[in-house]
Structure formats: structure tokens, C-alpha cells
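Below is one structure, written out as C-alpha cells; comments come after it.
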Amino acid sequence: MMKEYNVAILGATGAVGTRLMQKLAESNIPVKSLKLLASKRSAGKKLKYRDDVLTVEEATPDSFDGVDLVLASAGGAVSKKLLPEAVKRGAVAVDNTSAFRMDPDVPLVIPEVNPDALENHHGIIANPNCSTIQMVVALEPIRKQFGLKQIIVSTYQAASGAGQSGLDELRDEAQEHLDGKKMDAHIFPVKGEKEHYPLAFNLLPQIDVFEKDGYTHEEWKMIHETKKIMLNDMNSGAIKVTATCVRVPVEICHGESVYFTVDDAKDASREKIQSILNDAPGVTLKDDPKKQLYPQPIDAAGKEDTYVGRVRPDQENDNAYNMWVVADNLLKGAALNTVEIGEELVKRDLI
């Protein structure tokens, strides 16, 4: 008889939480029961899951009694408070926040890249940052074939990366601007910062707070998460990584300009890299300059794959290449990857 699991979604009413429900319904995880958890403010809301209508409950430590698997996307503070409680009660938790990503005892997992890391989990598994996920999904098959020396990435990140409130603010600002009114900014670039700037018809080269070295925390995350996933060491010098992260007035889907240097220069070529990407799990190659074919956020929104195009060598530097990467930050960058981790846990009987 197939084993079934009692599942809870923490943060069920948010932009990622609703997509977690959708992807869980489409997954091969045998769900015995589903519990929807959120803040006290959202408790009592009715949400549809498959053919059932479920009532959202307030999340408390006791909410996890009898739960086998928790899929969480309710903010770092909530995860830090509640997920250890869930683990105490016997659950395995997959967390979509930054709360545990850099904890050396917590696996940071992309199923297409490092699923074996799940074997050493201690109850909590971290879902990487959305911008890290799509870049590493595209780079890992190249690294396996040719090795990597250096990664330089510039991101173009959608408003929805700041959640539903960020998406709402972009839409409100766009309408205000078109109506000839002053745009009212409250969230971007960072909700907790003193200064706020409009995102509509603008570009903001700040995502998250600034660190002492002048990098933003989003850039810091991309650098160190990439090393932890690929090399199992967040501070490894084996691959040099640097990032510039920019918020752009796009609703859904992050774009990334990725510049990388390979180890095995003799064997690498544009055509071979394209061939590797064409066969890579979770990747769709859209790369035909003659037909003006390349990934665009407007086409990738709502899709599960990571899209790659504009693959080309650097004509000034040997061993180096450019590519353009686009993915739905709320799906592969969040909900889908979280559910895929759950599927891998089930497959490996690690719950």
C-alpha cells in the first residue's frame, strides 16, 4: 500500500503559498490530508484545493501535530519560530525563506542540481533564493561538462520578488503615473529602509539591505548560495562569483545576464554549450538570433522551466561566455522548487 502524507502549507494565502497549493495538487506526492496555515489575520479564509474547499487556520506550534511534511513560505521570522516546532513534532519542513539557507546543517537544494544533499537533512531543508535557482539550474550542466572558474551575474528582478504587496505597488504606481499623479512608494527598494522610490517606469539597483562592503544582501545571497549548492561550501574560492541585482518594473519572472568562464576551454564552444543546455533537466533553450528568438518574462510567466538564450562567446577574453536566463520567480524560483524537493524526499523515503 502506498504511503500517504499529512501535509501543511505555512503561508498559504501569500503569492507563493497559493502557488504551493497548485503545484502540490499537480505533484506526485500522495497527500492524505492538507492543512492550510497562515497568520491570525488570514485565519478563516476559504481556499480551494483540488475538489475541496479548505479553511485557513492560524499557525501555532500545535498546528503541526500529526503533520509529516511542511511546505513553508511565510517569512523568515515565522519560519525561525515555527519550523523547529514542526520538526520537534516529527515533521520534515521545506522552507522557502532565507532563515536557514546558510546554516551548515541545513541542505540548500535544487533537485536538478544537488538532490543527494537531502540524505543528510535534520528535519529542515532550505529552498534557495529565486535568482540563485534559475542561474544554477542553467550553469550546473555546463559546470559538470567543462568546469567553471568565474561567474558574473547581473539580475533584472520582477516586482513580485517582494511578494504580493510589491506587485500591487507596481500596478498602483503605473496607474498613478499614467493619470499624471505623483507615484506613492512605500515598499521599494526595501520596505524597512528610510527611503522609498517608485519602481514603475524606473530601475532600482538595490534589492534587500546594503552590507558593509557595498553589496546588497541579495547579491551576497547569490554569491554564497551558489557556492554552497555547487561546492557544498558557501565560502569556497574554487569558483569566483560576483553579482549586481536590480529590481525592474516587470510583474513576474526574473531575467539574468550571466557571464561565466570555463575550465576546459579546448573542448567548450557555443554549439556544445547550447547542446548541453538543450538536454539539461528543467531547461528550455530558446536561442536563434536569426529568428529573434530569446527568452522573455512575458512568455515565461506561469511556466515551470528555466529558459536560456543569447549564448555566445566573449570575443575579447578566451574561455568566457555570455547567456541570458529567464524563469518565473514564483514558480521555479519558489513554489515549484519547494514541491520538487518534497517529491524528492518522498522518492528517497526521507520523510
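How things are named: the first chain in the C-alpha cells is A, the next is B, and so on; residues count from 1 in each chain; ligands count from 1 in the order shown.
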Picked from stretch 63-268 of chain A by DSSP as strand (DSSP E), as a ChimeraX atom specification: /A:69-72,92-95,124-126,148-157,240-247,254-262
From A:Phe201, A:Phe210, A:Tyr49, A:Phe64, residue lying nearest A:Glu85 [only C-alpha atoms]: A:Phe64
Gap from atom CA of A:Ile9 to atom CA of A:Leu336 - Å, one decimal: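 Between atom CA of A:Ile9 and atom CA of A:Leu336 the gap is 13.2 Å.
For A:Gly44, the set of protein, DNA and RNA residues having any atom at most 7 Å away, when counting only C-alpha atoms and skipping those fewer than 2 positions along the same chain, is A:Ser42, A:Lys46, A:Thr55, A:Val56, A:Glu57.
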Among listed residues A:Ala320, A:Ile151, A:Glu219, A:Ser73, nearest A:Gly237 (using only C-alpha atoms):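 Among the listed residues, the smallest separation from A:Gly237 belongs to A:Ile151.
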Alpha helix (DSSP H) positions in stretch 58-304 of chain A, given as a PyMOL selection string: chain A and resi 76-88+130-146+164-178+217-231+270-279+297-300
Nearby residues (only C-alpha atoms) at most 8 Å from A:Val190, same-chain spacing under 5 positions excluded, as a PyMOL selection string: chain A and resi 196+206-209
Test item: residues at most 7 Å from stretch 111-121 of chain A, only C-alpha atoms, excluding those fewer than 5 positions along its chain, as a PyMOL selection string: chain A and resi 106+137+140+229+281+340-341
Write the selection just made, keeping C-alpha atoms, as a short mmCIF file (atom, residue, chain, number, x, y, z; two decimals), in the first residue's frame?
data_model
loop_
_atom_site.label_atom_id
_atom_site.label_comp_id
_atom_site.auth_asym_id
_atom_site.auth_seq_id
_atom_site.Cartn_x
_atom_site.Cartn_y
_atom_site.Cartn_z
CA VAL A 106 20.60 22.61 6.60
CA VAL A 137 19.94 25.32 -12.98
CA GLU A 140 25.31 23.33 -13.40
CA ILE A 229 24.89 24.43 -3.79
CA PRO A 281 16.71 18.87 -16.93
CA GLU A 340 10.00 19.26 -6.20
CA ILE A 341 12.10 18.96 -3.04
#
